[in-house]
$ cat model-v5.txt   # compact mmCIF, C-alpha atoms
# COMPACT_ATOMS: atom_id res chain seq x y z
CA MET A 1 27.00 -22.31 10.26
CA GLU A 2 29.42 -19.44 9.68
CA GLU A 3 27.92 -18.74 6.26
CA ALA A 4 24.37 -18.85 7.66
CA ASP A 5 25.36 -16.50 10.51
CA LYS A 6 26.83 -14.05 8.01
CA VAL A 7 23.61 -14.05 5.93
CA VAL A 8 21.43 -13.48 9.01
CA ARG A 9 23.66 -10.64 10.25
CA GLN A 10 23.40 -8.92 6.86
CA MET A 11 19.61 -9.24 6.99
CA GLU A 12 19.54 -7.77 10.50
CA LEU A 13 21.72 -4.82 9.48
CA ARG A 14 19.35 -3.98 6.62
CA ALA A 15 16.31 -4.33 8.87
CA GLU A 16 17.81 -2.11 11.60
CA ARG A 17 17.83 0.81 9.18
CA HIS A 18 14.06 0.95 9.72
CA GLY A 19 14.28 0.75 13.51
CA PRO A 20 15.60 -1.38 16.37
CA LEU A 21 14.96 -5.11 16.33
CA SER A 22 13.69 -7.03 19.33
CA GLU A 23 15.26 -10.36 20.23
CA PRO A 24 13.25 -13.42 19.08
CA VAL A 25 11.42 -15.31 21.82
CA VAL A 26 12.50 -18.79 20.85
CA GLU A 27 10.70 -20.58 23.69
CA ASP A 28 7.27 -19.09 22.88
CA ALA A 29 7.62 -19.85 19.18
CA ALA A 30 8.67 -23.40 19.90
CA ARG A 31 5.63 -24.01 22.09
CA ARG A 32 3.28 -22.80 19.37
CA ILE A 33 4.69 -25.09 16.68
CA THR A 34 2.69 -28.27 16.13
CA PRO A 35 4.68 -31.26 14.87
CA PRO A 36 3.94 -31.93 11.18
CA SER A 37 1.71 -34.82 10.25
CA LYS A 38 2.35 -37.28 7.45
CA VAL A 39 -1.28 -36.71 6.43
CA PRO A 40 -1.86 -32.93 6.11
CA TYR A 41 -5.58 -33.45 5.44
CA ARG A 42 -5.86 -34.82 8.98
CA ASP A 43 -4.35 -31.61 10.41
CA LEU A 44 -6.98 -29.54 8.63
CA PHE A 45 -10.13 -31.60 9.02
CA SER A 46 -9.47 -32.60 12.63
CA SER A 47 -9.25 -28.96 13.74
CA PRO A 48 -12.45 -26.89 14.23
CA LEU A 49 -10.43 -23.74 13.42
CA TYR A 50 -9.21 -25.00 10.07
CA ARG A 51 -12.53 -26.63 9.18
CA ARG A 52 -14.18 -23.23 9.54
CA ARG A 53 -11.48 -21.60 7.44
CA LEU A 54 -11.75 -24.29 4.78
CA LEU A 55 -15.50 -23.76 4.45
CA LEU A 56 -15.31 -19.95 4.52
CA LEU A 57 -12.46 -19.65 2.03
CA PHE A 58 -13.96 -22.26 -0.28
CA LEU A 59 -17.28 -20.36 -0.41
CA MET A 60 -15.43 -17.08 -0.99
CA TRP A 61 -13.43 -18.47 -3.93
CA PHE A 62 -16.39 -20.46 -5.29
CA ILE A 63 -18.62 -17.37 -5.42
CA GLY A 64 -15.93 -14.87 -6.43
CA TYR A 65 -14.81 -17.02 -9.34
CA ILE A 66 -18.29 -16.78 -10.87
CA THR A 67 -17.60 -13.13 -11.62
CA VAL A 68 -14.03 -13.83 -12.73
CA TYR A 69 -14.99 -16.63 -15.13
CA ALA A 70 -17.99 -14.78 -16.55
CA TYR A 71 -15.85 -11.81 -17.48
CA ALA A 72 -12.52 -13.51 -18.24
CA SER A 73 -13.79 -16.36 -20.39
CA GLY A 74 -17.19 -15.18 -21.53
CA PHE A 75 -17.15 -11.40 -21.85
CA THR A 76 -17.43 -11.54 -25.64
CA SER A 77 -20.39 -13.93 -25.41
CA VAL A 78 -21.99 -11.78 -22.72
CA LEU A 79 -21.75 -8.65 -24.87
CA THR A 80 -23.02 -10.55 -27.92
CA SER A 81 -26.02 -11.86 -26.00
CA LEU A 82 -26.73 -8.24 -25.05
CA GLU A 83 -26.99 -7.41 -28.79
CA TYR A 84 -23.53 -5.99 -29.34
CA PRO A 85 -22.33 -6.95 -32.84
CA PRO A 86 -19.96 -9.94 -32.48
CA PRO A 87 -16.91 -8.17 -34.01
CA GLU A 88 -17.44 -5.17 -31.75
CA ALA A 89 -17.93 -7.38 -28.69
CA GLY A 90 -14.72 -9.26 -29.45
CA VAL A 91 -12.69 -6.08 -29.83
CA ILE A 92 -14.09 -4.61 -26.58
CA ALA A 93 -13.19 -7.80 -24.70
CA ALA A 94 -9.71 -7.90 -26.28
CA VAL A 95 -8.96 -4.30 -25.32
CA GLY A 96 -10.34 -4.97 -21.84
CA THR A 97 -7.52 -7.45 -21.19
CA PHE A 98 -5.15 -4.49 -20.91
CA GLY A 99 -6.78 -4.16 -17.50
CA PHE A 100 -4.89 -7.31 -16.49
CA VAL A 101 -1.58 -5.57 -17.16
CA ALA A 102 -2.63 -2.30 -15.52
CA GLU A 103 -3.86 -4.12 -12.42
CA ALA A 104 -0.62 -6.07 -12.07
CA VAL A 105 1.52 -2.94 -12.31
CA ILE A 106 -0.62 -0.97 -9.86
CA MET A 107 -0.85 -3.78 -7.31
CA SER A 108 2.91 -4.34 -7.31
CA PHE A 109 3.22 -0.89 -5.69
CA TYR A 110 0.18 -0.84 -3.41
CA VAL A 111 -0.79 -4.41 -2.50
CA GLU A 112 1.09 -4.44 0.82
CA ARG A 113 -0.32 -1.12 2.01
CA LEU A 114 -3.70 -2.55 3.00
CA GLU A 115 -4.90 -5.56 4.93
CA ARG A 116 -5.42 -8.42 2.46
CA ARG A 117 -9.17 -8.76 3.02
CA TYR A 118 -9.80 -5.08 2.21
CA TRP A 119 -8.81 -5.51 -1.44
CA LEU A 120 -11.81 -7.65 -2.34
CA PRO A 121 -14.39 -4.93 -1.50
CA ILE A 122 -12.28 -2.44 -3.46
CA ALA A 123 -12.20 -4.83 -6.42
CA ALA A 124 -15.97 -5.29 -6.23
CA VAL A 125 -16.55 -1.52 -6.25
CA VAL A 126 -14.21 -0.98 -9.22
CA THR A 127 -15.91 -3.79 -11.14
CA LEU A 128 -19.38 -2.42 -10.40
CA ILE A 129 -18.33 1.06 -11.52
CA GLY A 130 -17.03 -0.41 -14.77
CA ALA A 131 -20.30 -2.32 -15.25
CA PHE A 132 -22.36 0.83 -14.71
CA LEU A 133 -20.26 2.91 -17.09
CA ILE A 134 -20.10 0.36 -19.91
CA ALA A 135 -23.88 0.02 -19.72
CA LEU A 136 -24.22 3.81 -19.98
CA ALA A 137 -21.66 4.07 -22.79
CA GLY A 138 -24.23 3.12 -25.41
CA THR A 139 -22.67 2.93 -28.85
CA SER A 140 -19.48 4.81 -27.92
CA ILE A 141 -16.78 2.28 -28.70
CA VAL A 142 -13.98 4.38 -27.17
CA VAL A 143 -15.82 4.71 -23.86
CA SER A 144 -16.60 0.99 -23.95
CA PHE A 145 -12.87 0.29 -24.32
CA VAL A 146 -12.03 2.34 -21.22
CA GLU A 147 -14.75 0.76 -19.14
CA ALA A 148 -13.85 -2.76 -20.28
CA ILE A 149 -10.29 -2.10 -19.08
CA LEU A 150 -11.74 -0.91 -15.76
CA ILE A 151 -13.83 -4.08 -15.41
CA PHE A 152 -10.91 -6.39 -16.19
CA ALA A 153 -8.68 -4.53 -13.74
CA GLY A 154 -11.41 -4.60 -11.09
CA PHE A 155 -12.27 -8.28 -11.10
CA ASN A 156 -8.56 -9.18 -10.88
CA LEU A 157 -7.57 -6.59 -8.28
CA TRP A 158 -8.35 -8.92 -5.39
CA VAL A 159 -6.72 -12.10 -6.64
CA SER A 160 -3.06 -11.67 -5.59
CA PRO A 161 -3.73 -10.39 -2.03
CA THR A 162 -6.39 -13.06 -1.53
CA TYR A 163 -3.94 -15.73 -2.69
CA ALA A 164 -1.64 -14.52 0.09
CA LEU A 165 -4.49 -14.41 2.61
CA THR A 166 -5.50 -17.97 1.72
CA ALA A 167 -1.98 -19.35 2.08
CA GLU A 168 -1.47 -17.53 5.38
CA SER A 169 -4.70 -18.97 6.78
CA PHE A 170 -3.27 -22.48 6.99
CA PRO A 171 -0.32 -23.88 8.97
CA THR A 172 3.02 -24.54 7.30
CA ARG A 173 2.59 -28.29 7.72
CA ALA A 174 -0.58 -28.20 5.55
CA ARG A 175 -0.44 -24.85 3.76
CA THR A 176 -0.39 -26.06 0.16
CA THR A 177 -3.02 -28.68 0.96
CA GLY A 178 -5.38 -26.07 2.42
CA PHE A 179 -4.77 -23.72 -0.50
CA ALA A 180 -5.41 -26.48 -3.02
CA LEU A 181 -8.68 -27.46 -1.36
CA VAL A 182 -10.25 -24.00 -1.22
CA ASP A 183 -8.85 -22.37 -4.35
CA GLY A 184 -8.65 -25.48 -6.50
CA ALA A 185 -12.16 -26.63 -5.70
CA GLY A 186 -13.33 -23.02 -5.78
CA HIS A 187 -12.73 -22.92 -9.53
CA ILE A 188 -15.73 -25.21 -9.88
CA GLY A 189 -17.87 -22.22 -8.94
CA GLY A 190 -16.64 -20.32 -11.96
CA GLY A 191 -17.67 -23.07 -14.36
CA ILE A 192 -21.01 -23.84 -12.74
CA GLY A 193 -21.87 -20.18 -12.18
CA VAL A 194 -21.38 -19.20 -15.81
CA LEU A 195 -23.60 -22.08 -16.97
CA VAL A 196 -26.33 -21.09 -14.50
CA ILE A 197 -26.46 -17.36 -15.22
CA ALA A 198 -25.84 -17.52 -19.00
CA PRO A 199 -29.48 -18.37 -19.93
CA PHE A 200 -30.76 -15.30 -18.09
CA LEU A 201 -28.49 -12.73 -19.75
CA PRO A 202 -30.24 -12.41 -23.16
CA HIS A 203 -33.48 -11.49 -21.37
CA MET A 204 -31.92 -8.70 -19.32
CA SER A 205 -30.78 -5.16 -19.99
CA ILE A 206 -27.05 -4.53 -20.36
CA LEU A 207 -26.84 -2.93 -16.91
CA ALA A 208 -28.85 -5.67 -15.19
CA ALA A 209 -26.79 -8.42 -16.84
CA LEU A 210 -23.45 -6.87 -15.88
CA LEU A 211 -24.66 -6.23 -12.34
CA LEU A 212 -25.79 -9.85 -12.06
CA ILE A 213 -22.31 -10.99 -13.05
CA SER A 214 -20.59 -8.51 -10.74
CA VAL A 215 -22.75 -9.08 -7.66
CA PHE A 216 -21.04 -12.39 -6.89
CA LEU A 217 -17.80 -10.51 -6.28
CA GLY A 218 -19.72 -8.36 -3.81
CA ILE A 219 -20.90 -11.45 -1.94
CA ALA A 220 -17.33 -12.77 -1.82
CA ALA A 221 -16.21 -9.38 -0.49
CA ILE A 222 -18.59 -9.80 2.46
CA LEU A 223 -17.43 -13.35 3.18
CA VAL A 224 -13.75 -12.42 3.18
CA GLN A 225 -14.32 -10.01 6.08
CA PHE A 226 -14.75 -13.05 8.36
CA THR A 227 -11.25 -14.33 7.55
CA PRO A 228 -8.32 -13.72 9.94
CA HIS A 229 -6.19 -10.60 9.90
CA THR A 230 -2.88 -11.78 8.40
CA ARG A 231 -0.89 -8.77 7.21
CA ASN A 232 2.38 -8.22 9.11
CA ARG A 233 1.63 -10.97 11.59
CA PRO A 234 3.83 -14.01 12.32
CA LEU A 235 2.54 -17.08 10.53
CA ASP A 236 2.77 -19.23 13.66
CA GLN A 237 0.33 -16.86 15.39
CA ILE A 238 -2.17 -16.78 12.52
CA SER A 239 -2.09 -20.52 11.87
CA PRO A 240 -0.58 -22.42 14.82
$ encode --input "model-v5.txt" --output "structure tokens"
Amino acid sequence: MEEADKVVRQMELRAERHGPLSEPVVEDAARRITPPSKVPYRDLFSSPLYRRRLLLLFLMWFIGYITVYAYASGFTSVLTSLEYPPPEAGVIAAVGTFGFVAEAVIMSFYVERLERRYWLPIAAVVTLIGAFLIALAGTSIVVSFVEAILIFAGFNLWVSPTYALTAESFPTRARTTGFALVDGAGHIGGGIGVLVIAPFLPHMSILAALLLISVFLGIAAILVQFTPHTRNRPLDQISP
């Protein structure tokens, strides 16, 4: 107990540098805590609140992953079907993966500055801009490189904050279960979506094909706006 008290006091001293701390209201927190169940699925499916969240977050991930899978696993094939030479398409896709690294570095500095659900619309806009520009790049390989990086950064920009949003939308007693249901099952959308839209791509212009792939992220960006506000809120208030 002495060691734990020392750790907590050190944490409080660091926190007080940013302003005074209010005393915790232990009674209110205790009343909000629901005893854990041995069957976490029961906690989720027996609650109208969590059933709605399960459905909404599943649809968001299911639809958003269509864009992610189409670009992440099939960008070379997409460009080839749009009559880019296969070697050129492969190089463009390979260079585009630098967007993964750029996105990770940028988000490590800025991800906590906005509400979690605002990042998905931003990601959709960045991805759409990249799609427009790569379609307008024509035969310019250098411009295609830059825009491929923009696309890869864009369709991954939303993932880390939305992971946090998803976890925070479920109670501690069933958090990993809820996350597994919506995100795990949501990956099915990526696989099915790519199979469904792939036959249409060879018959479309470059811009139309890339917009078709990117529009699913836009739909997910609309759905996420109906999720709870979670940033800087106590978890027991968000998900009692």
$ closest_residue --input "model-v5.txt" --among "A:Trp119, A:Asp43, A:Leu21, A:Phe145" --to "Ala89 (chain A)" --atoms "all atoms listed in the file"
A:Phe145
$ atom_distance --input "model-v5.txt" --atom1 "CA of Gly178 (chain A)" --atom2 "CA of Tyr41 (chain A)"
8.0 Å
$ atom_distance --input "model-v5.txt" --atom1 "CA of Ala123 (chain A)" --atom2 "CA of Thr162 (chain A)"
11.2 Å
$ closest_residue --input "model-v5.txt" --among "A:Asp236, A:Glu3, A:Glu115, A:Asp183" --to "Trp61 (chain A)" --atoms "all atoms listed in the file"
A:Asp183
$ residues_around --input "model-v5.txt" --residues "Thr67 (chain A)" --least-positions-apart "4" --cutoff "6 Å" --atoms "only C-alpha atoms" --output "list in words"
Ile213, Ser214, Phe216 and Leu217 of chain A
$ write_last_selection --input "model-v5.txt" --atoms "C-alpha atoms" --output "PDB file, in the frame of the given file"
ATOM      1  CA  ILE A 213     -22.310 -10.990 -13.050  1.00  0.00           C
ATOM      2  CA  SER A 214     -20.590  -8.510 -10.740  1.00  0.00           C
ATOM      3  CA  PHE A 216     -21.040 -12.390  -6.890  1.00  0.00           C
ATOM      4  CA  LEU A 217     -17.800 -10.510  -6.280  1.00  0.00           C
TER       5      LEU A 217
END
$ closest_residue --input "model-v5.txt" --among "A:Leu157, A:Pro48, A:Gln237, A:Ala180" --to "Val105 (chain A)" --atoms "all atoms listed in the file"
A:Leu157
$ residues_around --input "model-v5.txt" --residues "Leu165 (chain A)" --least-positions-apart "2" --cutoff "10 Å" --atoms "only C-alpha atoms" --output "PDB file with C-alpha atoms, in the frame of the given file"
ATOM      1  CA  LEU A  57     -12.460 -19.650   2.030  1.00  0.00           C
ATOM      2  CA  GLU A 115      -4.900  -5.560   4.930  1.00  0.00           C
ATOM      3  CA  ARG A 116      -5.420  -8.420   2.460  1.00  0.00           C
ATOM      4  CA  ARG A 117      -9.170  -8.760   3.020  1.00  0.00           C
ATOM      5  CA  VAL A 159      -6.720 -12.100  -6.640  1.00  0.00           C
ATOM      6  CA  SER A 160      -3.060 -11.670  -5.590  1.00  0.00           C
ATOM      7  CA  PRO A 161      -3.730 -10.390  -2.030  1.00  0.00           C
ATOM      8  CA  THR A 162      -6.390 -13.060  -1.530  1.00  0.00           C
ATOM      9  CA  TYR A 163      -3.940 -15.730  -2.690  1.00  0.00           C
ATOM     10  CA  ALA A 167      -1.980 -19.350   2.080  1.00  0.00           C
ATOM     11  CA  GLU A 168      -1.470 -17.530   5.380  1.00  0.00           C
ATOM     12  CA  SER A 169      -4.700 -18.970   6.780  1.00  0.00           C
ATOM     13  CA  PHE A 170      -3.270 -22.480   6.990  1.00  0.00           C
ATOM     14  CA  PHE A 179      -4.770 -23.720  -0.500  1.00  0.00           C
ATOM     15  CA  VAL A 224     -13.750 -12.420   3.180  1.00  0.00           C
ATOM     16  CA  THR A 227     -11.250 -14.330   7.550  1.00  0.00           C
ATOM     17  CA  PRO A 228      -8.320 -13.720   9.940  1.00  0.00           C
ATOM     18  CA  HIS A 229      -6.190 -10.600   9.900  1.00  0.00           C
ATOM     19  CA  THR A 230      -2.880 -11.780   8.400  1.00  0.00           C
ATOM     20  CA  ARG A 231      -0.890  -8.770   7.210  1.00  0.00           C
TER      21      ARG A 231
END
$ residues_around --input "model-v5.txt" --residues "Val101 (chain A)" --least-positions-apart "2" --cutoff "12 Å" --atoms "only C-alpha atoms" --output "VMD selection string"
chain A and resid 95 to 99 103 to 108 149 to 150 152 to 154 156 to 157
$ write_last_selection --input "model-v5.txt" --atoms "C-alpha atoms" --output "mmCIF file, in the frame of the given file"
data_model
loop_
_atom_site.group_PDB
_atom_site.id
_atom_site.type_symbol
_atom_site.label_atom_id
_atom_site.label_comp_id
_atom_site.auth_asym_id
_atom_site.auth_seq_id
_atom_site.Cartn_x
_atom_site.Cartn_y
_atom_site.Cartn_z
ATOM 1 C CA VAL A 95 -8.960 -4.300 -25.320
ATOM 2 C CA GLY A 96 -10.340 -4.970 -21.840
ATOM 3 C CA THR A 97 -7.520 -7.450 -21.190
ATOM 4 C CA PHE A 98 -5.150 -4.490 -20.910
ATOM 5 C CA GLY A 99 -6.780 -4.160 -17.500
ATOM 6 C CA GLU A 103 -3.860 -4.120 -12.420
ATOM 7 C CA ALA A 104 -0.620 -6.070 -12.070
ATOM 8 C CA VAL A 105 1.520 -2.940 -12.310
ATOM 9 C CA ILE A 106 -0.620 -0.970 -9.860
ATOM 10 C CA MET A 107 -0.850 -3.780 -7.310
ATOM 11 C CA SER A 108 2.910 -4.340 -7.310
ATOM 12 C CA ILE A 149 -10.290 -2.100 -19.080
ATOM 13 C CA LEU A 150 -11.740 -0.910 -15.760
ATOM 14 C CA PHE A 152 -10.910 -6.390 -16.190
ATOM 15 C CA ALA A 153 -8.680 -4.530 -13.740
ATOM 16 C CA GLY A 154 -11.410 -4.600 -11.090
ATOM 17 C CA ASN A 156 -8.560 -9.180 -10.880
ATOM 18 C CA LEU A 157 -7.570 -6.590 -8.280
#
$ closest_residue --input "model-v5.txt" --among "A:Ala220, A:Leu235, A:Ala208, A:Ala93" --to "Leu120 (chain A)" --atoms "all atoms listed in the file"
A:Ala220
$ closest_residue --input "model-v5.txt" --among "A:Val143, A:Leu79, A:Ala174, A:Val111" --to "Leu44 (chain A)" --atoms "only C-alpha atoms"
A:Ala174
$ residues_near_point --input "model-v5.txt" --point "(-18.4, -15.2, -4.0)" --cutoff "12 Å" --atoms "all atoms listed in the file" --output "count of residues only"
38
$ closest_residue --input "model-v5.txt" --among "A:Val194, A:Val125, A:Met204, A:Pro234" --to "Ala70 (chain A)" --atoms "only C-alpha atoms"
A:Val194
